[in-house]
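Raw work-v2.cif, mmCIF, C-alpha atoms and all ligand atoms:
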data_work
loop_
_atom_site.label_atom_id
_atom_site.label_comp_id
_atom_site.auth_asym_id
_atom_site.auth_seq_id
_atom_site.Cartn_x
_atom_site.Cartn_y
_atom_site.Cartn_z
CA VAL Y 1 -193.12 36.76 -118.45
CA ARG Y 2 -194.89 33.52 -117.60
CA PRO Y 3 -196.17 30.76 -119.84
CA ALA Y 4 -199.88 30.16 -120.46
CA PRO Y 5 -201.25 27.25 -118.38
CA PHE Y 6 -200.34 23.78 -119.68
CA SER Y 7 -200.48 20.13 -118.62
CA TYR Y 8 -197.35 18.03 -118.25
CA THR Y 9 -196.47 14.36 -118.61
CA ALA Y 10 -193.15 12.54 -118.44
CA PRO Y 11 -193.44 9.14 -120.15
CA GLU Y 12 -190.76 6.46 -119.89
CA THR Y 13 -191.02 4.96 -123.38
CA VAL Y 14 -191.31 6.29 -126.93
CA GLU Y 15 -194.56 4.35 -127.27
CA GLU Y 16 -196.08 6.23 -124.32
CA ALA Y 17 -194.76 9.55 -125.59
CA VAL Y 18 -196.23 9.22 -129.11
CA ALA Y 19 -199.53 7.98 -127.59
CA ALA Y 20 -199.66 11.08 -125.35
CA LEU Y 21 -198.95 13.36 -128.34
CA ALA Y 22 -201.61 11.64 -130.45
CA ASP Y 23 -204.23 11.78 -127.67
CA ALA Y 24 -203.67 15.48 -127.01
CA GLY Y 25 -203.64 16.50 -130.69
CA PRO Y 26 -201.65 19.21 -132.48
CA ASP Y 27 -201.53 21.60 -129.50
CA ALA Y 28 -199.27 19.24 -127.54
CA LYS Y 29 -195.50 19.60 -127.79
CA ALA Y 30 -192.49 17.47 -126.99
CA LEU Y 31 -190.10 18.97 -124.44
CA ALA Y 32 -186.42 18.12 -124.87
CA GLY Y 33 -183.77 20.44 -123.37
CA GLY Y 34 -186.26 23.32 -123.19
CA GLN Y 35 -183.63 25.82 -124.38
CA SER Y 36 -185.82 27.13 -127.20
CA LEU Y 37 -189.31 25.94 -126.29
CA LEU Y 38 -189.45 27.30 -122.73
CA ALA Y 39 -188.33 30.75 -123.86
CA MET Y 40 -191.01 30.70 -126.56
CA MET Y 41 -193.60 29.67 -123.95
CA ASN Y 42 -192.50 32.41 -121.57
CA PHE Y 43 -193.08 34.97 -124.32
CA ARG Y 44 -196.33 33.16 -125.25
CA VAL Y 45 -195.12 32.67 -128.79
CA ALA Y 46 -195.82 28.98 -128.08
CA ARG Y 47 -198.86 27.97 -125.97
CA PRO Y 48 -198.89 24.16 -125.91
CA SER Y 49 -201.80 22.55 -124.07
CA LEU Y 50 -199.58 19.64 -123.00
CA LEU Y 51 -195.81 19.20 -122.64
CA VAL Y 52 -194.54 15.66 -123.22
CA ASP Y 53 -191.18 15.62 -121.46
CA LEU Y 54 -188.75 13.27 -123.23
CA ARG Y 55 -186.05 13.31 -120.55
CA ARG Y 56 -187.03 10.03 -118.87
CA ILE Y 57 -186.91 7.93 -122.04
CA PRO Y 58 -183.69 5.89 -122.18
CA GLU Y 59 -184.35 4.73 -125.80
CA LEU Y 60 -183.74 8.29 -126.99
CA THR Y 61 -180.22 8.56 -125.58
CA GLY Y 62 -176.76 7.34 -126.58
CA ILE Y 63 -174.27 7.53 -129.43
CA SER Y 64 -173.32 4.24 -131.10
CA ALA Y 65 -171.37 3.00 -134.10
CA GLY Y 66 -173.08 1.26 -137.01
CA HIS Y 67 -171.39 -0.35 -140.01
CA ASP Y 68 -170.67 2.88 -141.89
CA SER Y 69 -172.61 5.39 -139.82
CA VAL Y 70 -173.06 6.68 -136.31
CA ARG Y 71 -176.44 6.68 -134.57
CA VAL Y 72 -177.13 9.62 -132.27
CA GLY Y 73 -180.20 9.41 -130.01
CA ALA Y 74 -182.48 12.46 -130.24
CA MET Y 75 -182.07 13.30 -126.53
CA THR Y 76 -178.27 13.35 -126.77
CA THR Y 77 -177.18 16.75 -125.50
CA HIS Y 78 -174.87 18.99 -127.50
CA ALA Y 79 -172.30 18.51 -124.70
CA GLU Y 80 -172.49 14.69 -124.96
CA ALA Y 81 -171.83 15.01 -128.71
CA GLU Y 82 -169.01 17.47 -128.06
CA TYR Y 83 -167.23 15.01 -125.74
CA SER Y 84 -168.02 11.81 -127.67
CA GLU Y 85 -164.83 9.92 -128.50
CA LEU Y 86 -166.72 8.07 -131.24
CA LEU Y 87 -167.82 11.26 -133.01
CA LEU Y 88 -164.40 12.82 -132.56
CA ALA Y 89 -162.68 9.80 -134.11
CA SER Y 90 -165.14 9.22 -136.94
CA MET Y 91 -166.31 12.74 -137.85
CA PRO Y 92 -164.46 15.57 -136.07
CA VAL Y 93 -166.41 18.04 -138.23
CA VAL Y 94 -169.43 17.36 -135.99
CA ARG Y 95 -167.43 18.04 -132.85
CA ARG Y 96 -166.12 21.31 -134.24
CA ALA Y 97 -169.61 22.50 -135.21
CA VAL Y 98 -171.13 21.56 -131.86
CA THR Y 99 -168.54 23.58 -129.93
CA LEU Y 100 -169.93 26.68 -131.68
CA ILE Y 101 -173.43 26.20 -130.20
CA GLY Y 102 -174.16 28.86 -127.56
CA HIS Y 103 -172.34 28.44 -124.25
CA PRO Y 104 -171.61 25.37 -122.09
CA ALA Y 105 -174.82 25.85 -120.08
CA ILE Y 106 -176.87 25.65 -123.29
CA ARG Y 107 -174.87 22.72 -124.61
CA ASN Y 108 -175.45 20.85 -121.34
CA ARG Y 109 -179.23 20.98 -121.77
CA GLY Y 110 -180.00 21.50 -125.48
CA THR Y 111 -180.38 18.32 -127.50
CA VAL Y 112 -179.61 17.13 -131.03
CA GLY Y 113 -183.25 16.18 -131.70
CA GLY Y 114 -184.50 19.49 -130.25
CA SER Y 115 -182.17 21.49 -132.47
CA LEU Y 116 -183.15 19.56 -135.62
CA ALA Y 117 -186.88 19.79 -134.84
CA HIS Y 118 -186.66 23.49 -133.96
CA ALA Y 119 -184.90 24.08 -137.33
CA ASP Y 120 -183.45 27.52 -136.71
CA PRO Y 121 -181.91 28.42 -140.10
CA ALA Y 122 -178.64 29.51 -138.43
CA ALA Y 123 -178.30 26.52 -136.08
CA GLU Y 124 -175.33 24.18 -136.36
CA TRP Y 125 -176.98 20.74 -136.31
CA PRO Y 126 -179.24 21.27 -139.36
CA VAL Y 127 -176.31 22.48 -141.51
CA VAL Y 128 -174.07 19.62 -140.37
CA ALA Y 129 -176.86 17.08 -140.94
CA LEU Y 130 -177.43 18.32 -144.49
CA THR Y 131 -173.72 18.43 -145.34
CA LEU Y 132 -173.06 14.90 -144.11
CA GLY Y 133 -176.27 13.44 -145.57
CA ALA Y 134 -177.76 12.45 -142.21
CA ARG Y 135 -181.28 11.09 -141.91
CA MET Y 136 -183.76 11.29 -139.07
CA ARG Y 137 -185.83 8.39 -137.74
CA CYS Y 138 -189.25 9.76 -136.86
CA GLU Y 139 -192.06 8.02 -135.05
CA ASN Y 140 -195.73 8.59 -134.25
CA ASN Y 141 -198.40 6.23 -132.92
CA GLN Y 142 -198.88 4.80 -136.44
CA GLY Y 143 -195.24 3.69 -136.92
CA SER Y 144 -191.85 5.06 -137.92
CA ARG Y 145 -190.14 6.42 -141.03
CA TRP Y 146 -186.77 7.83 -142.05
CA ILE Y 147 -186.56 11.36 -143.42
CA ASP Y 148 -183.42 12.45 -145.31
CA SER Y 149 -181.99 15.84 -144.34
CA ASP Y 150 -182.61 17.29 -147.78
CA ARG Y 151 -186.36 16.68 -147.33
CA PHE Y 152 -186.48 17.41 -143.60
CA PHE Y 153 -185.77 21.17 -143.42
CA GLU Y 154 -188.49 23.12 -145.21
CA ASP Y 155 -188.43 26.78 -144.15
CA TYR Y 156 -187.85 29.06 -141.14
CA PHE Y 157 -188.55 26.78 -138.14
CA GLU Y 158 -190.51 24.38 -140.37
CA THR Y 159 -189.72 20.73 -140.99
CA ALA Y 160 -191.31 17.68 -142.57
CA LEU Y 161 -192.17 16.36 -139.07
CA GLY Y 162 -195.87 15.81 -138.44
CA PRO Y 163 -197.35 17.56 -135.35
CA GLU Y 164 -197.59 14.28 -133.43
CA GLU Y 165 -194.26 12.89 -134.63
CA LEU Y 166 -191.02 12.57 -132.66
CA ILE Y 167 -187.45 12.37 -133.89
CA THR Y 168 -186.03 9.31 -132.16
CA ASP Y 169 -182.58 8.93 -133.78
CA VAL Y 170 -180.24 10.59 -136.22
CA GLU Y 171 -178.09 8.42 -138.47
CA ILE Y 172 -174.96 10.16 -139.78
CA PRO Y 173 -172.86 8.46 -142.49
CA ILE Y 174 -169.15 8.36 -141.63
CA PRO Y 175 -167.20 10.44 -144.17
CA ARG Y 176 -164.85 8.38 -146.36
CA ARG Y 177 -161.12 8.23 -145.80
CA TYR Y 178 -159.21 11.38 -146.78
CA THR Y 179 -162.23 13.61 -146.52
CA GLY Y 180 -161.20 17.07 -145.40
CA TRP Y 181 -163.66 19.29 -143.61
CA SER Y 182 -164.19 22.82 -142.46
CA VAL Y 183 -166.70 24.73 -140.32
CA GLN Y 184 -166.71 28.50 -140.80
CA GLU Y 185 -168.96 30.81 -138.87
CA PHE Y 186 -169.50 34.54 -138.65
CA ALA Y 187 -171.23 35.62 -135.43
CA ARG Y 188 -171.31 38.94 -133.60
CA GLN Y 189 -169.77 37.42 -130.49
CA SER Y 190 -168.63 34.09 -129.17
CA GLY Y 191 -171.64 31.91 -128.28
CA ALA Y 192 -174.14 33.92 -130.35
CA PHE Y 193 -176.13 32.37 -133.18
CA ALA Y 194 -174.31 32.55 -136.50
CA ILE Y 195 -175.11 35.31 -138.96
CA VAL Y 196 -173.71 32.95 -141.62
CA LEU Y 197 -172.43 29.41 -141.12
CA VAL Y 198 -170.69 27.23 -143.73
CA VAL Y 199 -169.85 23.53 -143.42
CA ALA Y 200 -167.84 21.79 -146.15
CA VAL Y 201 -166.48 18.30 -146.70
CA VAL Y 202 -164.06 17.76 -149.58
CA ARG Y 203 -162.34 14.55 -150.72
CA VAL Y 204 -159.18 15.01 -152.77
CA GLY Y 205 -157.81 12.01 -154.72
CA ASP Y 206 -154.23 10.72 -155.10
CA ASP Y 207 -153.83 12.93 -158.17
CA GLY Y 208 -154.58 16.08 -156.14
CA ARG Y 209 -157.95 16.64 -157.80
CA ILE Y 210 -161.26 16.97 -156.00
CA GLU Y 211 -163.15 13.64 -156.10
CA ASP Y 212 -166.23 14.67 -154.16
CA LEU Y 213 -167.54 17.48 -152.03
CA GLU Y 214 -170.55 18.85 -150.22
CA ILE Y 215 -170.96 22.40 -148.98
CA CYS Y 216 -173.94 23.84 -147.12
CA VAL Y 217 -174.76 27.28 -145.77
CA GLY Y 218 -176.87 28.33 -142.78
CA GLY Y 219 -178.28 31.80 -142.12
CA CYS Y 220 -178.92 32.53 -145.80
CA GLY Y 221 -182.52 31.36 -146.22
CA GLY Y 222 -185.35 29.70 -144.34
CA ALA Y 223 -183.61 26.34 -144.32
CA PRO Y 224 -179.95 25.35 -144.67
CA VAL Y 225 -178.92 25.62 -148.31
CA ARG Y 226 -176.88 22.99 -150.13
CA LEU Y 227 -174.75 24.67 -152.80
CA GLU Y 228 -176.04 22.32 -155.48
CA SER Y 229 -173.71 23.30 -158.27
CA ALA Y 230 -170.54 22.81 -156.19
CA ARG Y 231 -170.04 19.23 -157.39
CA THR Y 232 -170.41 20.09 -161.08
CA LYS Y 233 -168.11 23.07 -160.77
CA LEU Y 234 -165.36 21.55 -158.66
CA VAL Y 235 -165.14 17.76 -159.07
CA GLY Y 236 -162.07 16.99 -161.19
CA GLU Y 237 -160.45 20.36 -160.42
CA ARG Y 238 -157.33 20.98 -158.36
CA PRO Y 239 -158.28 23.08 -155.30
CA THR Y 240 -156.06 26.02 -156.23
CA ASP Y 241 -156.65 29.52 -154.94
CA ARG Y 242 -157.86 30.74 -158.34
CA VAL Y 243 -160.33 27.86 -158.81
CA LEU Y 244 -161.75 28.20 -155.30
CA GLU Y 245 -162.05 31.99 -155.53
CA GLN Y 246 -164.05 31.66 -158.74
CA ALA Y 247 -166.14 28.82 -157.29
CA ALA Y 248 -166.99 30.86 -154.17
CA ARG Y 249 -168.27 33.66 -156.45
CA ASP Y 250 -170.32 31.31 -158.64
CA LEU Y 251 -171.69 29.15 -155.84
CA ILE Y 252 -173.22 31.96 -153.86
CA ASP Y 253 -175.47 32.67 -156.85
CA ASP Y 254 -177.64 29.94 -155.27
CA LEU Y 255 -178.26 32.18 -152.23
CA ALA Y 256 -181.06 34.71 -151.76
CA PRO Y 257 -181.04 35.63 -148.05
CA ARG Y 258 -183.53 38.03 -146.48
CA SER Y 259 -182.41 41.21 -144.77
CA ASP Y 260 -183.23 41.31 -141.07
CA VAL Y 261 -182.20 43.15 -137.89
CA HIS Y 262 -178.93 41.21 -137.75
CA ALA Y 263 -177.65 41.74 -141.32
CA THR Y 264 -178.75 42.93 -144.74
CA SER Y 265 -179.13 40.51 -147.59
CA GLU Y 266 -176.05 42.02 -149.28
CA ASP Y 267 -173.95 41.61 -146.12
CA ARG Y 268 -174.98 37.99 -145.77
CA VAL Y 269 -174.02 37.28 -149.39
CA ALA Y 270 -170.64 39.00 -148.96
CA ILE Y 271 -169.95 37.07 -145.74
CA ALA Y 272 -171.06 33.80 -147.36
CA ARG Y 273 -168.70 34.37 -150.29
CA ALA Y 274 -165.73 34.84 -147.94
CA LEU Y 275 -166.67 31.86 -145.75
CA VAL Y 276 -167.31 29.53 -148.71
CA LYS Y 277 -163.85 30.30 -150.11
CA ARG Y 278 -162.27 29.78 -146.68
CA ALA Y 279 -164.17 26.52 -146.07
CA LEU Y 280 -163.27 25.06 -149.47
CA THR Y 281 -159.62 26.06 -149.00
CA GLU Y 282 -159.35 24.50 -145.56
CA ALA Y 283 -161.30 21.33 -146.42
CA GLY Y 284 -159.53 20.95 -149.78
CA ALA Y 285 -156.06 21.36 -148.26
CA ALA Y 286 -156.62 18.71 -145.58
CA ARG Y 287 -155.15 15.87 -147.62
CA SER Y 288 -151.82 17.63 -148.00
CA PHE Y 289 -151.61 17.92 -144.21
CA GLY Y 290 -151.26 14.15 -144.21
CA GLY Y 291 -153.73 13.24 -141.50
CA PRO Y 292 -155.84 14.53 -138.63
CA ASN Y 293 -154.78 18.08 -137.89
CA GLY Y 294 -157.62 19.69 -136.00
CA GLY Y 295 -158.09 22.10 -138.82
CA GLY Y 296 -159.71 20.01 -141.42
CA ALA Y 297 -158.46 16.49 -142.05
CA ASP Y 298 -160.97 13.75 -141.38
CA GLU Y 299 -159.03 10.54 -141.76
CA VAL Y 300 -161.16 7.63 -140.62
C1 LIG Y 401 -178.89 31.86 -125.35
C2 LIG Y 401 -179.02 30.74 -126.37
C3 LIG Y 401 -178.06 30.64 -127.37
C4 LIG Y 401 -178.17 29.62 -128.32
N1 LIG Y 401 -177.22 29.56 -129.30
C5 LIG Y 401 -177.30 28.60 -130.22
C6 LIG Y 401 -176.33 28.49 -131.25
O1 LIG Y 401 -175.37 29.26 -131.36
N2 LIG Y 401 -176.49 27.49 -132.18
C7 LIG Y 401 -177.53 26.61 -132.11
O2 LIG Y 401 -177.62 25.73 -132.96
N3 LIG Y 401 -178.45 26.68 -131.13
C8 LIG Y 401 -178.35 27.64 -130.19
N4 LIG Y 401 -179.30 27.71 -129.21
C9 LIG Y 401 -180.44 26.76 -129.24
C10 LIG Y 401 -180.08 25.44 -128.55
O3 LIG Y 401 -179.20 24.73 -129.40
C11 LIG Y 401 -181.29 24.56 -128.29
O4 LIG Y 401 -180.79 23.51 -127.56
C12 LIG Y 401 -182.05 23.98 -129.46
O5 LIG Y 401 -182.49 24.91 -130.40
C13 LIG Y 401 -183.33 23.30 -129.02
O6 LIG Y 401 -183.02 22.14 -128.38
P1 LIG Y 401 -183.75 21.70 -127.06
O7 LIG Y 401 -183.32 20.31 -126.80
O8 LIG Y 401 -183.51 22.70 -126.00
O9 LIG Y 401 -185.27 21.67 -127.53
P2 LIG Y 401 -186.60 22.28 -126.88
O10 LIG Y 401 -186.40 23.73 -126.61
O11 LIG Y 401 -187.04 21.43 -125.75
O12 LIG Y 401 -187.61 22.07 -128.11
C14 LIG Y 401 -187.49 22.84 -129.29
C15 LIG Y 401 -188.57 22.39 -130.28
O13 LIG Y 401 -188.27 21.09 -130.77
C16 LIG Y 401 -189.34 20.17 -130.48
N5 LIG Y 401 -188.68 18.90 -130.12
C17 LIG Y 401 -187.71 18.72 -129.22
N6 LIG Y 401 -187.26 17.44 -129.25
C18 LIG Y 401 -187.98 16.82 -130.20
C19 LIG Y 401 -187.97 15.49 -130.74
N7 LIG Y 401 -187.12 14.53 -130.31
N8 LIG Y 401 -188.83 15.20 -131.73
C20 LIG Y 401 -189.70 16.14 -132.22
N9 LIG Y 401 -189.74 17.42 -131.77
C21 LIG Y 401 -188.88 17.74 -130.77
C22 LIG Y 401 -190.10 20.81 -129.33
O14 LIG Y 401 -191.45 20.38 -129.30
C23 LIG Y 401 -189.97 22.27 -129.67
O15 LIG Y 401 -190.90 22.63 -130.66
C24 LIG Y 401 -179.23 28.69 -128.24
C25 LIG Y 401 -180.17 28.77 -127.21
C26 LIG Y 401 -180.07 29.79 -126.27
C27 LIG Y 401 -181.09 29.84 -125.16
#
As structure tokens, what does this structure read like?
Amino acid sequence: VRPAPFSYTAPETVEEAVAALADAGPDAKALAGGQSLLAMMNFRVARPSLLVDLRRIPELTGISAGHDSVRVGAMTTHAEAEYSELLLASMPVVRRAVTLIGHPAIRNRGTVGGSLAHADPAAEWPVVALTLGARMRCENNQGSRWIDSDRFFEDYFETALGPEELITDVEIPIPRRYTGWSVQEFARQSGAFAIVLVVAVVRVGDDGRIEDLEICVGGCGGAPVRLESARTKLVGERPTDRVLEQAARDLIDDLAPRSDVHATSEDRVAIARALVKRALTEAGAARSFGGPNGGGADEV
């Protein structure tokens, strides 16, 4: 299997990259880590006329702290995120999710921007971005704009990005103090894509009641799904076993996954129900652990 013929350029600035994409038109593609795109080219599922390699652009790299958020450059590799002290200290939920991406060889090359732009419905970064309310800075030769996660992911491998637009940065809000978290994944084997993936963040107040929460599911639709009714159902409740069991049943009413070669729709719903309950339990219990515990407490 060999790719169809293509041209190649490796610009050194974002300005040059977006100019190259605009000049070549919609058949050109950005190349990041190549972990998804090159395989698609080898199978001729993708036949770009031009590859615009982003690996020589320093502006697209780095992880830095803002006032109440962290900025992650689009060309940051999964491995750089995995070993970032800043992300570990401010949002360990990201670190945990990233460790579930493929194997080290894939994490060494695959990038945050590539994963978000590729928008595989079972990928970790899109579900984490939606759960934490991240937004993407996107740029073309006309200028730049921010796209919120809940408008970014549209369907299977489809996003709000224009064909000549690049993701340059991702801005992730730092979860508030005493926010517990959980990442739950069901996959056939270690390193495989998730069949179902659930990410939850839950803040429990001094009175032991849930003050706020967000819970999102991957692998159960074309785009990651935010369980919209979770807030209404659970804010003000104590995260007891009975309440969470009932919530897990009710919340998965929002899901309508397709059957495919990996799992039937019914299996995905059953797995999601179990993982949602587990995620809410772990994230909701974090406060009672009294601090960072590696299993769910995000105390910033
Ligand atoms: C064996 C294997 C197992 C994997 N397992 C997992 C897994 O468990 N979980 C998971 O989440 N992922 C997994 N992946 C995918 C991996 O995370 C990829 O790194 C990711 O999907 C694509 O990132 P990339 O940097 O390699 O992008 P590329 O392959 O270079 O590009 C992918 C697409 O994104 C576009 N693109 C890239 N960067 C930008 C940008 N900055 N702006 C706009 N468009 C851009 C490209 O044009 C292309 O269309 C796996 C991959 C392999 C090969």
Practice task
List all protein, DNA and RNA residues that have an atom no more than 7 Å from any atom of ligand LIG 401 (chain Y), counting all atoms listed in the file, and report them as a ChimeraX atom specification.
Solution key: /Y:29-38,74-75,100-103,106-107,109-115,117-118,120,122-125,165-168,191-194
Practice task
May I ask which of the residues Y:Asn140, Y:Leu213, Y:Ala248, Y:Tyr83 is the closest one to Gly162 (chain Y), counting all atoms listed in the file?
Solution key: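 Ranked by minimum distance to Gly162 (chain Y), first place goes to Y:Asn140.
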Handout entry: Counting all atoms listed in the file, the residue of Y:Ile172, Y:Ala230, Y:Ala79, Y:Leu50 that sits nearest Gly66 (chain Y)
Key =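 Ranked by minimum distance to Gly66 (chain Y), first place goes to Y:Ile172.
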Handout entry: Exercise: residues within 7 Å of coordinate (-185.7, 26.6, -141.1), counting all atoms listed in the file, as a list in words
Key =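 With a cut-off of 7 Å, the residues come to Ala119, Asp120, Pro121, Phe153, Glu154, Asp155, Tyr156, Phe157, Glu158, Gly222, Ala223 and Pro224 of chain Y.
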Problem - Given all atoms listed in the file as the counted atoms, nearest of Y:Pro173, Y:Pro104, Y:Gly143, Y:Pro3 to His67 (chain Y) - result: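 Counting all atoms listed in the file, the residue closest to His67 (chain Y) is Y:Pro173.
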Fill in the blank from the handout: Using all atoms listed in the file, the shortest atom-to-atom distance to Arg95 (chain Y) among Y:Ile57, Y:Val202, Y:Val128, Y:Ala160 belongs to Y:Val128
Exercise for the section: Work out how far CA of Val243 (chain Y) is from CA of Arg177 (chain Y), in Å to one decimal. Expected result: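 Between these atoms lies a distance of 23.6 Å.
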Exercise for the section: Can you work out which one of Y:Pro257, Y:Gly219, Y:Pro126, Y:Gly284 has the shortest atom-to-atom distance to Arg203 (chain Y), counting all atoms listed in the file? Expected result: Y:Gly284
Considering only C-alpha atoms, return as a PDB file with C-alpha atoms, in the coordinates of the input whatever protein or nucleic-acid residues lie within 12 Å of Ala134 (chain Y), sequence-local ones (same chain, fewer than 4 positions apart) excluded.
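Listed below is the output, around_19.pdb:
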ATOM      1  CA  ASP Y  68    -170.670   2.880-141.890  1.00  0.00           C
ATOM      2  CA  SER Y  69    -172.610   5.390-139.820  1.00  0.00           C
ATOM      3  CA  VAL Y  70    -173.060   6.680-136.310  1.00  0.00           C
ATOM      4  CA  ARG Y  71    -176.440   6.680-134.570  1.00  0.00           C
ATOM      5  CA  VAL Y  72    -177.130   9.620-132.270  1.00  0.00           C
ATOM      6  CA  VAL Y  94    -169.430  17.360-135.990  1.00  0.00           C
ATOM      7  CA  LEU Y 116    -183.150  19.560-135.620  1.00  0.00           C
ATOM      8  CA  TRP Y 125    -176.980  20.740-136.310  1.00  0.00           C
ATOM      9  CA  PRO Y 126    -179.240  21.270-139.360  1.00  0.00           C
ATOM     10  CA  VAL Y 127    -176.310  22.480-141.510  1.00  0.00           C
ATOM     11  CA  VAL Y 128    -174.070  19.620-140.370  1.00  0.00           C
ATOM     12  CA  ALA Y 129    -176.860  17.080-140.940  1.00  0.00           C
ATOM     13  CA  LEU Y 130    -177.430  18.320-144.490  1.00  0.00           C
ATOM     14  CA  TRP Y 146    -186.770   7.830-142.050  1.00  0.00           C
ATOM     15  CA  ILE Y 147    -186.560  11.360-143.420  1.00  0.00           C
ATOM     16  CA  ASP Y 148    -183.420  12.450-145.310  1.00  0.00           C
ATOM     17  CA  SER Y 149    -181.990  15.840-144.340  1.00  0.00           C
ATOM     18  CA  ASP Y 150    -182.610  17.290-147.780  1.00  0.00           C
ATOM     19  CA  ARG Y 151    -186.360  16.680-147.330  1.00  0.00           C
ATOM     20  CA  PHE Y 152    -186.480  17.410-143.600  1.00  0.00           C
ATOM     21  CA  PHE Y 153    -185.770  21.170-143.420  1.00  0.00           C
ATOM     22  CA  ASP Y 169    -182.580   8.930-133.780  1.00  0.00           C
ATOM     23  CA  VAL Y 170    -180.240  10.590-136.220  1.00  0.00           C
ATOM     24  CA  GLU Y 171    -178.090   8.420-138.470  1.00  0.00           C
ATOM     25  CA  ILE Y 172    -174.960  10.160-139.780  1.00  0.00           C
ATOM     26  CA  PRO Y 173    -172.860   8.460-142.490  1.00  0.00           C
ATOM     27  CA  ILE Y 174    -169.150   8.360-141.630  1.00  0.00           C
ATOM     28  CA  PRO Y 175    -167.200  10.440-144.170  1.00  0.00           C
TER      29      PRO Y 175
END
Practice task
Work out how far CA of Cys220 (chain Y) is from CA of Gly73 (chain Y), in Å to one decimal.
Solution key: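 CA of Gly73 (chain Y) sits 28.0 Å away from CA of Cys220 (chain Y).
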Practice task
Write out as a count of residues only each polymer residue whose atoms come within 9 Å of Glu80 (chain Y), counting all atoms listed in the file; drop sequence neighbours fewer than 6 positions from it.
Solution key: 4
Should you be able to, write region 228-258 of chain Y of this structure into a file that contains C-alpha atoms, as a short mmCIF file (atom, residue, chain, number, x, y, z; two decimals), in the first residue's frame.
data_model
loop_
_atom_site.label_atom_id
_atom_site.label_comp_id
_atom_site.auth_asym_id
_atom_site.auth_seq_id
_atom_site.Cartn_x
_atom_site.Cartn_y
_atom_site.Cartn_z
CA GLU Y 228 -26.80 17.37 29.18
CA SER Y 229 -29.27 16.46 31.88
CA ALA Y 230 -26.58 15.46 34.41
CA ARG Y 231 -26.50 18.90 36.01
CA THR Y 232 -30.26 19.13 36.46
CA LYS Y 233 -30.47 15.62 37.84
CA LEU Y 234 -27.51 15.69 40.20
CA VAL Y 235 -26.67 19.22 41.39
CA GLY Y 236 -27.83 19.54 45.01
CA GLU Y 237 -27.85 15.76 45.54
CA ARG Y 238 -25.53 13.75 47.76
CA PRO Y 239 -23.51 11.34 45.58
CA THR Y 240 -24.87 8.20 47.23
CA ASP Y 241 -24.87 4.83 45.53
CA ARG Y 242 -28.64 4.90 45.02
CA VAL Y 243 -28.65 8.40 43.50
CA LEU Y 244 -25.75 7.65 41.15
CA GLU Y 245 -27.20 4.30 40.06
CA GLN Y 246 -30.47 5.99 39.12
CA ALA Y 247 -28.63 8.88 37.43
CA ALA Y 248 -26.52 6.48 35.34
CA ARG Y 249 -29.75 4.84 34.10
CA ASP Y 250 -31.45 8.15 33.30
CA LEU Y 251 -28.43 9.86 31.78
CA ILE Y 252 -27.75 7.24 29.17
CA ASP Y 253 -31.18 7.99 27.70
CA ASP Y 254 -29.27 10.76 25.87
CA LEU Y 255 -27.25 8.13 23.97
CA ALA Y 256 -28.13 6.51 20.63
CA PRO Y 257 -24.95 4.74 19.46
CA ARG Y 258 -24.70 2.88 16.16
#
